[in-house]
Each structure stands twice: as C-alpha cells, then as structure tokens.
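Next comes coords_18.txt, a file with compact mmCIF, C-alpha atoms (C1' of nucleotides).
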```
# COMPACT_ATOMS: atom_id res chain seq x y z
CA MET A 1 120.87 70.90 -243.88
CA TYR A 2 120.94 73.18 -240.92
CA GLY A 3 117.55 72.73 -239.32
CA GLU A 4 116.20 72.26 -235.85
CA GLY A 5 117.29 69.21 -233.95
CA MET A 6 120.26 68.49 -236.16
CA VAL A 7 123.15 66.46 -234.87
CA THR A 8 126.37 68.42 -234.48
CA ALA A 9 129.83 67.73 -233.18
CA LYS A 10 129.12 69.54 -229.90
CA SER A 11 132.76 70.36 -229.53
CA ILE A 12 132.56 73.36 -227.19
CA PRO A 13 132.00 72.76 -223.46
CA LEU A 14 131.37 76.47 -222.83
CA SER A 15 132.20 76.36 -219.17
CA GLN A 16 133.17 79.96 -219.80
CA ARG A 17 130.71 82.11 -221.69
CA PRO A 18 131.81 83.40 -225.10
CA ILE A 19 132.25 87.08 -225.79
CA SER A 20 128.97 88.97 -226.06
CA ASP A 21 127.69 90.60 -229.21
CA ALA A 22 128.08 94.07 -227.73
CA ALA A 23 131.60 93.44 -226.47
CA ALA A 24 132.53 91.99 -229.85
CA SER A 25 131.24 95.09 -231.64
CA ASP A 26 133.20 97.40 -229.35
CA LEU A 27 136.40 95.44 -229.77
CA ALA A 28 135.89 95.05 -233.51
CA SER A 29 135.61 98.82 -233.89
CA VAL A 30 139.01 99.25 -232.26
CA PHE A 31 140.52 96.68 -234.60
CA ALA A 32 138.75 98.36 -237.52
CA ALA A 33 140.51 101.60 -236.64
CA LEU A 34 143.83 99.78 -236.97
CA ALA A 35 142.81 97.80 -240.05
CA ASP A 36 144.06 100.34 -242.56
CA PRO A 37 147.80 100.60 -243.35
CA VAL A 38 147.78 104.39 -243.46
CA ARG A 39 145.88 104.62 -240.18
CA LEU A 40 148.18 102.07 -238.54
CA ARG A 41 151.27 104.08 -239.53
CA LEU A 42 149.48 107.22 -238.39
CA PHE A 43 148.80 105.74 -234.97
CA ASP A 44 152.37 104.47 -234.82
CA LEU A 45 153.74 107.95 -235.52
CA VAL A 46 151.48 109.55 -232.92
CA ARG A 47 152.45 106.97 -230.33
CA ARG A 48 156.16 107.50 -231.02
CA ALA A 49 155.67 111.17 -230.24
CA GLY A 50 154.89 110.35 -226.61
CA ASP A 51 153.27 112.82 -224.23
CA THR A 52 154.26 115.86 -226.25
CA GLY A 53 152.34 114.53 -229.20
CA VAL A 54 152.80 115.38 -232.82
CA CYS A 55 151.47 118.16 -234.99
CA SER A 56 149.22 116.74 -237.67
CA CYS A 57 150.97 118.97 -240.17
CA ASP A 58 153.96 116.65 -239.75
CA LEU A 59 151.92 113.57 -240.59
CA VAL A 60 150.96 114.45 -244.14
CA GLU A 61 154.30 114.17 -245.87
CA PRO A 62 155.55 110.84 -244.46
CA LEU A 63 152.29 109.09 -245.29
CA GLU A 64 152.07 110.37 -248.85
CA ARG A 65 148.38 111.11 -248.75
CA SER A 66 146.48 114.34 -249.22
CA GLN A 67 145.92 116.51 -246.18
CA PRO A 68 142.13 115.90 -246.13
CA THR A 69 142.76 112.17 -246.24
CA ILE A 70 145.04 112.42 -243.21
CA SER A 71 142.44 114.56 -241.47
CA HIS A 72 139.83 111.90 -242.19
CA HIS A 73 141.98 109.10 -240.77
CA LEU A 74 142.79 111.11 -237.67
CA LYS A 75 139.07 111.60 -237.15
CA VAL A 76 138.53 107.84 -237.35
CA LEU A 77 141.29 107.24 -234.80
CA ARG A 78 139.83 109.95 -232.56
CA GLU A 79 136.30 108.53 -232.73
CA ALA A 80 137.66 105.08 -231.95
CA GLY A 81 139.11 106.59 -228.78
CA LEU A 82 142.70 105.82 -229.75
CA VAL A 83 144.05 109.36 -230.01
CA GLU A 84 143.14 112.80 -228.78
CA SER A 85 144.08 116.30 -229.88
CA ARG A 86 144.74 119.65 -228.28
CA ARG A 87 144.88 122.96 -230.03
CA GLU A 88 148.02 125.10 -230.02
CA GLY A 89 147.25 128.18 -232.04
CA THR A 90 146.37 127.05 -235.51
CA TRP A 91 148.01 123.71 -234.95
CA LEU A 92 146.51 120.52 -233.59
CA TRP A 93 148.72 118.24 -231.54
CA TYR A 94 147.80 114.59 -231.42
CA SER A 95 148.69 112.11 -228.73
CA VAL A 96 147.67 108.58 -227.83
CA VAL A 97 144.89 108.10 -225.30
CA PRO A 98 146.51 106.13 -222.48
CA ALA A 99 144.96 102.70 -221.98
CA ALA A 100 143.07 103.01 -225.26
CA LEU A 101 144.38 99.64 -226.37
CA ASN A 102 143.80 97.89 -223.07
CA THR A 103 140.91 95.69 -224.11
CA ALA A 104 142.52 94.94 -227.46
CA THR A 105 145.74 93.96 -225.71
CA HIS A 106 143.83 91.77 -223.31
CA PHE A 107 142.06 90.05 -226.18
CA VAL A 108 145.08 89.28 -228.34
CA SER A 109 147.17 88.18 -225.33
CA ARG A 110 144.72 85.40 -224.57
CA MET B 1 148.95 125.20 -247.97
CA TYR B 2 151.01 122.07 -247.92
CA GLY B 3 153.82 122.73 -250.37
CA GLU B 4 157.54 122.24 -250.52
CA GLY B 5 159.67 124.00 -247.99
CA MET B 6 156.81 124.75 -245.64
CA VAL B 7 157.43 125.34 -241.98
CA THR B 8 156.07 122.60 -239.73
CA ALA B 9 156.17 121.80 -236.06
CA LYS B 10 158.90 119.18 -236.55
CA SER B 11 157.72 117.33 -233.48
CA ILE B 12 159.10 113.86 -234.19
CA PRO B 13 162.79 113.20 -233.57
CA LEU B 14 162.62 109.81 -235.33
CA SER B 15 165.66 108.36 -233.65
CA GLN B 16 163.79 105.12 -234.19
CA ARG B 17 162.42 104.48 -237.67
CA PRO B 18 158.65 104.30 -238.02
CA ILE B 19 156.91 101.15 -239.16
CA SER B 20 157.39 100.40 -242.85
CA ASP B 21 154.62 100.42 -245.42
CA ALA B 22 154.91 96.67 -245.97
CA ALA B 23 154.89 95.88 -242.25
CA ALA B 24 151.90 98.15 -241.78
CA SER B 25 149.98 96.37 -244.53
CA ASP B 26 150.71 92.96 -243.04
CA LEU B 27 149.66 94.04 -239.57
CA ALA B 28 146.61 95.88 -240.86
CA SER B 29 145.40 92.71 -242.59
CA VAL B 30 145.50 90.85 -239.28
CA PHE B 31 143.52 93.62 -237.60
CA ALA B 32 141.13 93.63 -240.56
CA ALA B 33 140.43 89.96 -239.95
CA LEU B 34 139.38 90.85 -236.40
CA ALA B 35 137.52 94.01 -237.40
CA ASP B 36 134.15 92.35 -237.87
CA PRO B 37 132.01 91.45 -234.82
CA VAL B 38 130.93 88.10 -236.25
CA ARG B 39 134.50 87.18 -237.17
CA LEU B 40 135.76 88.28 -233.76
CA ARG B 41 133.23 86.04 -232.00
CA LEU B 42 134.09 83.27 -234.44
CA PHE B 43 137.77 83.53 -233.60
CA ASP B 44 136.92 83.68 -229.92
CA LEU B 45 134.89 80.48 -230.14
CA VAL B 46 137.62 78.69 -232.06
CA ARG B 47 140.25 79.78 -229.59
CA ARG B 48 138.13 78.62 -226.64
CA ALA B 49 138.03 75.19 -228.21
CA GLY B 50 141.77 74.77 -227.65
CA ASP B 51 143.84 72.10 -229.38
CA THR B 52 140.88 69.88 -230.13
CA GLY B 53 139.30 72.66 -232.11
CA VAL B 54 135.67 73.14 -232.96
CA CYS B 55 133.48 71.76 -235.72
CA SER B 56 132.29 74.58 -237.95
CA CYS B 57 128.84 73.05 -237.83
CA ASP B 58 128.72 74.24 -234.22
CA LEU B 59 129.54 77.81 -235.18
CA VAL B 60 126.51 78.56 -237.33
CA GLU B 61 123.81 78.58 -234.69
CA PRO B 62 125.47 80.71 -231.97
CA LEU B 63 126.42 83.42 -234.45
CA GLU B 64 123.00 83.63 -236.07
CA ARG B 65 124.29 83.85 -239.60
CA SER B 66 123.73 81.63 -242.60
CA GLN B 67 126.07 78.72 -243.24
CA PRO B 68 127.64 80.36 -246.33
CA THR B 69 128.30 83.51 -244.30
CA ILE B 70 130.09 81.53 -241.59
CA SER B 71 132.02 79.66 -244.27
CA HIS B 72 133.05 82.98 -245.79
CA HIS B 73 134.25 84.39 -242.46
CA LEU B 74 136.20 81.24 -241.66
CA LYS B 75 137.91 81.59 -245.00
CA VAL B 76 138.90 85.16 -244.17
CA LEU B 77 140.32 84.04 -240.81
CA ARG B 78 142.15 81.18 -242.52
CA GLU B 79 143.67 83.40 -245.19
CA ALA B 80 144.76 85.86 -242.51
CA GLY B 81 146.66 82.96 -240.93
CA LEU B 82 144.66 83.09 -237.71
CA VAL B 83 143.00 79.68 -237.86
CA GLU B 84 143.53 76.37 -239.60
CA SER B 85 141.27 73.41 -240.30
CA ARG B 86 141.56 69.66 -240.49
CA ARG B 87 139.05 67.32 -242.02
CA GLU B 88 137.33 64.63 -239.98
CA GLY B 89 134.98 62.83 -242.33
CA THR B 90 132.50 65.34 -243.61
CA TRP B 91 133.31 67.71 -240.79
CA LEU B 92 135.95 70.40 -240.63
CA TRP B 93 137.56 71.13 -237.29
CA TYR B 94 138.97 74.58 -236.77
CA SER B 95 141.70 75.58 -234.37
CA VAL B 96 143.82 78.64 -233.76
CA VAL B 97 147.23 78.86 -235.40
CA PRO B 98 149.67 79.19 -232.51
CA ALA B 99 151.58 82.46 -232.54
CA ALA B 100 149.26 83.87 -235.18
CA LEU B 101 148.68 86.96 -233.07
CA ASN B 102 152.30 87.46 -232.10
CA THR B 103 153.00 90.56 -234.16
CA ALA B 104 149.61 92.04 -233.31
CA THR B 105 150.24 91.44 -229.63
CA HIS B 106 153.66 93.02 -229.90
CA PHE B 107 152.18 96.07 -231.60
CA VAL B 108 149.35 96.76 -229.19
CA SER B 109 151.55 96.10 -226.13
CA ARG B 110 153.83 99.00 -227.10
C1' DC C 1 139.08 144.11 -241.57
C1' DG C 2 141.98 141.32 -244.68
C1' DT C 3 145.35 137.69 -245.31
C1' DC C 4 147.94 133.77 -244.26
C1' DT C 5 148.06 129.13 -242.50
C1' DA C 6 145.96 124.79 -240.39
C1' DC C 7 142.38 122.01 -240.56
C1' DT C 8 137.48 120.30 -241.65
C1' DT C 9 133.57 119.35 -244.51
C1' DA C 10 131.20 118.26 -248.87
C1' DG C 11 130.67 115.78 -252.89
C1' DA C 12 132.13 112.29 -256.09
C1' DT C 13 133.88 107.82 -257.32
C1' DA C 14 136.00 103.31 -257.45
C1' DA C 15 136.75 99.45 -254.61
C1' DT C 16 135.73 96.48 -250.88
C1' DT C 17 132.69 94.01 -247.82
C1' DG C 18 128.85 91.44 -245.23
C1' DT C 19 125.00 89.00 -246.23
C1' DC C 20 121.81 85.72 -248.36
C1' DA C 21 119.61 82.21 -251.58
C1' DA C 22 120.85 78.98 -254.85
C1' DT C 23 123.93 75.82 -256.42
C1' DA C 24 128.01 72.94 -256.37
C1' DT C 25 131.38 69.81 -254.25
C1' DA C 26 132.88 66.32 -251.02
C1' DT C 27 132.54 62.56 -247.89
C1' DC C 28 130.27 58.81 -245.74
C1' DC C 29 127.31 54.87 -245.79
C1' DA C 30 123.79 51.53 -247.17
C1' DT D 1 125.41 53.74 -257.26
C1' DG D 2 122.56 56.78 -254.82
C1' DG D 3 121.07 59.44 -250.87
C1' DA D 4 122.22 62.17 -246.84
C1' DT D 5 124.96 65.55 -244.57
C1' DA D 6 128.84 69.14 -244.23
C1' DT D 7 131.08 72.66 -246.38
C1' DA D 8 132.33 75.74 -250.39
C1' DT D 9 131.37 78.66 -254.32
C1' DT D 10 128.57 81.79 -257.15
C1' DG D 11 126.02 85.71 -258.04
C1' DA D 12 123.61 89.54 -256.43
C1' DC D 13 122.85 93.64 -253.65
C1' DA D 14 123.18 97.18 -250.11
C1' DA D 15 126.38 99.39 -247.30
C1' DT D 16 130.81 101.05 -246.16
C1' DT D 17 135.26 102.99 -247.22
C1' DA D 18 139.67 105.22 -248.98
C1' DT D 19 140.77 108.69 -251.77
C1' DC D 20 140.73 113.01 -254.22
C1' DT D 21 139.48 118.02 -255.44
C1' DA D 22 137.08 121.97 -254.14
C1' DA D 23 135.24 124.80 -250.86
C1' DG D 24 134.43 126.05 -246.05
C1' DT D 25 135.84 127.30 -241.09
C1' DA D 26 138.98 128.95 -237.60
C1' DG D 27 142.83 131.06 -235.32
C1' DA D 28 146.93 134.48 -235.55
C1' DC D 29 148.51 138.81 -236.74
C1' DG D 30 149.19 143.19 -238.89
```
Let me see whether you can do it: turn the structure in this file into structure tokens.
Amino acid sequence: MYGEGMVTAKSIPLSQRPISDAAASDLASVFAALADPVRLRLFDLVRRAGDTGVCSCDLVEPLERSQPTISHHLKVLREAGLVESRREGTWLWYSVVPAALNTATHFVSR
Amino acid sequence: MYGEGMVTAKSIPLSQRPISDAAASDLASVFAALADPVRLRLFDLVRRAGDTGVCSCDLVEPLERSQPTISHHLKVLREAGLVESRREGTWLWYSVVPAALNTATHFVSR
DNA sequence: CGTCTACTTAGATAATTGTCAATATATCCA
DNA sequence: TGGATATATTGACAATTATCTAAGTAGACG
C-alpha cells in the first residue's frame, strides 16, 4: 500500500531540484508538437527551406494529406512557437523560429 | 484548388532528401513519450538517478498520481526504449537507456 | 464588382490517451 | 502456507486528436 509513513527505497539524493511542473508542461507541449509523424515531416520541410521559408502550398502534396489537415498541423506548430509565417500576396511562407528548439535541445542533450 | 498541374511556389530545392515516413514515425514516437508533463518529469527523475537508477516506489509521491498511473507511464517510457528496469526483490529499479535520445538529439540540434 | 486562388474554420467521426478504483500477480519472509 | 508489500493489469470514462468534407474568408486582378 502507498500510505503515509511508508518505507521506500529513497534512491534519489535530489541535491539538484527536479524539473518543475510548469517547466515540464512547457517542454512537453514542444515535444507534443513534434509527436506526430506528419507534423515532424512538416517541420523538417520548413526547416530545410532556411531563411527564405517555404510556401505552404508546397507542403500539401509531399505529405499526402488534405490541405485543411496541413493547415491544421501548421497552426499547431505555430502555436507551439516552432514556426512562423509571413504573407506574400495570397501565399503564406513558413519558416522556423530561430532558437525555438533551444530548451528541447538542452533537455535531450542532458 | 489543389489539383494536378497546379502552379506552386516551388520553394524547396530538395538537394537533400526529406525525412522518410518511417523515420518520422520512429522519431515521433520518441517525442510522444516525452509529450506528457508527468512522463517528462518521470524521465527526468529517472535520469537524475544515474546508473543506480530509482525505485519506482519513490516516483509515485513526487508526481502526485496514483500508483497504476505511474506504472502506466513507466510502461510507455519503457516501450519507447527510453528507460529500462531491473528487479531487486519486490522492487523495480528504473534507469535511462544510454543513447536512447540519440536520434532525438540529432534531430533537434539541426 | 466578380472570379480565381490560397488558406482557415466548422462540424463530424473514429481513434487514442490520461486517469482512477478495483483487482490481479509477484516476491519476500515468518 | 499465509500475510505483507511492490508492481501490473483491467475496465471505465472524459478529454484530446488526426482526419475528412463542406463552407467561409481574404487577397489579387481584370
């Protein structure tokens, strides 16, 4: 049973404090944005396009999803702070937000 | 409309091939394992415990979830290849699988 | 103003997921 | 063998999500 005063293995010294709940939620939302195969490939394509960015009209065909589905995934990536868009006439050009993956990189690299 | 033969911005040169569907699914499953705040903190605690590892009995209280919930999340982390466990009597000690985050690290670090 | 094109929003649906209480399994020890 | 403790599984439920079609908005241009 897991009650008060139970004996446990007490295996963690915790000289350093563990990650906070808030920090964990922030980081988890970044990972969640990358946790879908379509969205991961989407982000990969946008990143490959560099500073110029890529028109979202060129992202529909390679990912074999409907245009609204791509639009939805781009919105998720945008709201996660991973990509940004600028308008060029009727087109939207997407590019990676620099340093968007900084905390994620820091976490996975110890 | 998005039909055949449409004119697009053709913004990606694709001298390098984009990530494959299979690779994206593999990577996405790793990110999915880290996409939950509780699981992220869980992984963080396990990793802090180093080679010795941590008894799962010590993971229930700090995460404020029921024992079955922690058990479930540990299973997800295990099946994602991020952690492993060894039995010590009635206890299970969890530790991080070395190099489990290698591909994820490579992806987020460009 | 209309019309074309690029994109977004709405609504629906099937599938997945995080959580818990209850129950089951496993290991140790007297 | 039987009781105590640690962990896993089951079953249920609410919430989220990935996807589509259909319809809406917005900019360019004649």
Counting all atoms listed in the file, a student should be able to say which residues of chain B come within 8 Å of chain A; what is the right answer, written as a PyMOL selection string?
chain B and resi 2+8-12+18-21+24-25+27-32+34-38+40-41+44-45+48-49+53-55+57-58+67+101+104-105+108-109
Interatomic distance between atom C1' of DC29 of chain D and atom CA of Glu88 of chain A?
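If I compute the distance from atom C1' of DC29 of chain D to atom CA of Glu88 of chain A, I get 15.3 Å.
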- Message: List as a ChimeraX atom specification the protein and nucleic acid residues near Val97 of chain A, meaning an atom at most 8 Å away when all atoms listed in the file are counted, but skip any in the same chain fewer than 4 places from it.
- Response: /A:81-84
Check every residue of chain D for an atom within 10 Å of chain B, counting all atoms listed in the file, and provide those that qualify as a tab-separated table (two decimals) with C-alpha atoms (C1' of nucleotides), keeping the file's coordinate frame.
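Produced file selection-v2.tsv, reproduced below:
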```
chain	number	residue	atom	x	y	z
D	5	DT	C1'	124.96	65.55	-244.57
D	6	DA	C1'	128.84	69.14	-244.23
D	7	DT	C1'	131.08	72.66	-246.38
D	8	DA	C1'	132.33	75.74	-250.39
D	9	DT	C1'	131.37	78.66	-254.32
```
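Proximity of C:DA21, C:DA15, C:DC1, C:DA10 to chain B, computed with all atoms listed in the file, is greatest for C:DA21.
Take atom C1' of DT16 of chain C and atom C1' of DT16 of chain D: the distance between them is 8.2 Å.
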Please, which residues in chain C fall within 8 Å of chain A when counting only C-alpha atoms (C1' of nucleotides), and what is the closest atom pair and distance in Å to one decimal for each, ordered by chain then residue number, as a tab-separated table?
```
residue	atom	partner	partner_atom	distance
C:DT5	C1'	A:Thr90	CA	7.5
C:DA6	C1'	A:Thr90	CA	5.4
C:DC7	C1'	A:Ser71	CA	7.5
C:DT8	C1'	A:Ser71	CA	7.6
```
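Atom to atom, atom C1' of DG24 of chain D and atom CA of Val96 of chain A stand 28.5 Å apart.
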Provide an axis-aligned box for all listed atoms of segment 2-12 of chain D, padding each side by 8 Å; report its centre and its edge lengths in Å to one decimal, as JSON.
```
{"center_x": 126.7, "center_y": 73.2, "center_z": -251.1, "size_x": 27.3, "size_y": 48.8, "size_z": 29.8}
```
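Remark: for DC20 of chain D, the closest of the candidate residues A:Arg65, A:Leu74, A:Phe43, A:Asp51 is A:Arg65 (distances computed over all atoms listed in the file).
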Since the input lacks some atoms of segment 77-99 of chain B, please model N, CA and C atoms and print them as a CSV table (one decimal), in the coordinates of the input.
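Contents of the output file part22.csv:
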```csv
chain,number,residue,atom,x,y,z
B,77,LEU,N,139.4,84.3,-241.9
B,77,LEU,CA,140.3,84.0,-240.8
B,77,LEU,C,141.5,83.1,-241.2
B,78,ARG,N,141.1,82.1,-242.1
B,78,ARG,CA,142.2,81.2,-242.5
B,78,ARG,C,143.2,81.9,-243.4
B,79,GLU,N,142.7,82.7,-244.3
B,79,GLU,CA,143.7,83.4,-245.2
B,79,GLU,C,144.5,84.5,-244.5
B,80,ALA,N,144.0,84.9,-243.3
B,80,ALA,CA,144.8,85.9,-242.5
B,80,ALA,C,145.8,85.1,-241.6
B,81,GLY,N,145.7,83.8,-241.7
B,81,GLY,CA,146.7,83.0,-240.9
B,81,GLY,C,146.3,82.8,-239.5
B,82,LEU,N,145.1,83.1,-239.1
B,82,LEU,CA,144.7,83.1,-237.7
B,82,LEU,C,144.2,81.7,-237.3
B,83,VAL,N,143.5,81.0,-238.2
B,83,VAL,CA,143.0,79.7,-237.9
B,83,VAL,C,143.4,78.7,-239.0
B,84,GLU,N,143.3,77.4,-238.6
B,84,GLU,CA,143.5,76.4,-239.6
B,84,GLU,C,142.5,75.3,-239.4
B,85,SER,N,142.3,74.4,-240.4
B,85,SER,CA,141.3,73.4,-240.3
B,85,SER,C,141.8,72.0,-240.7
B,86,ARG,N,141.2,71.0,-240.1
B,86,ARG,CA,141.6,69.7,-240.5
B,86,ARG,C,140.3,68.9,-240.7
B,87,ARG,N,140.3,68.0,-241.7
B,87,ARG,CA,139.0,67.3,-242.0
B,87,ARG,C,138.9,66.1,-241.2
B,88,GLU,N,137.7,65.8,-240.7
B,88,GLU,CA,137.3,64.6,-240.0
B,88,GLU,C,136.0,64.1,-240.6
B,89,GLY,N,136.2,63.3,-241.6
B,89,GLY,CA,135.0,62.8,-242.3
B,89,GLY,C,134.4,64.0,-243.1
B,90,THR,N,133.1,64.2,-242.9
B,90,THR,CA,132.5,65.3,-243.6
B,90,THR,C,132.6,66.6,-242.8
B,91,TRP,N,133.2,66.5,-241.6
B,91,TRP,CA,133.3,67.7,-240.8
B,91,TRP,C,134.7,68.4,-241.0
B,92,LEU,N,134.7,69.7,-240.7
B,92,LEU,CA,136.0,70.4,-240.6
B,92,LEU,C,136.1,70.9,-239.2
B,93,TRP,N,137.3,70.7,-238.6
B,93,TRP,CA,137.6,71.1,-237.3
B,93,TRP,C,138.5,72.3,-237.3
B,94,TYR,N,138.2,73.4,-236.7
B,94,TYR,CA,139.0,74.6,-236.8
B,94,TYR,C,139.7,74.8,-235.5
B,95,SER,N,140.9,75.2,-235.6
B,95,SER,CA,141.7,75.6,-234.4
B,95,SER,C,142.6,76.8,-234.7
B,96,VAL,N,143.0,77.4,-233.6
B,96,VAL,CA,143.8,78.6,-233.8
B,96,VAL,C,145.2,78.3,-234.2
B,97,VAL,N,145.8,79.0,-235.1
B,97,VAL,CA,147.2,78.9,-235.4
B,97,VAL,C,148.1,79.5,-234.3
B,98,PRO,N,148.9,78.6,-233.6
B,98,PRO,CA,149.7,79.2,-232.5
B,98,PRO,C,150.5,80.3,-233.0
B,99,ALA,N,150.7,81.3,-232.2
B,99,ALA,CA,151.6,82.5,-232.5
B,99,ALA,C,151.1,83.3,-233.7
```
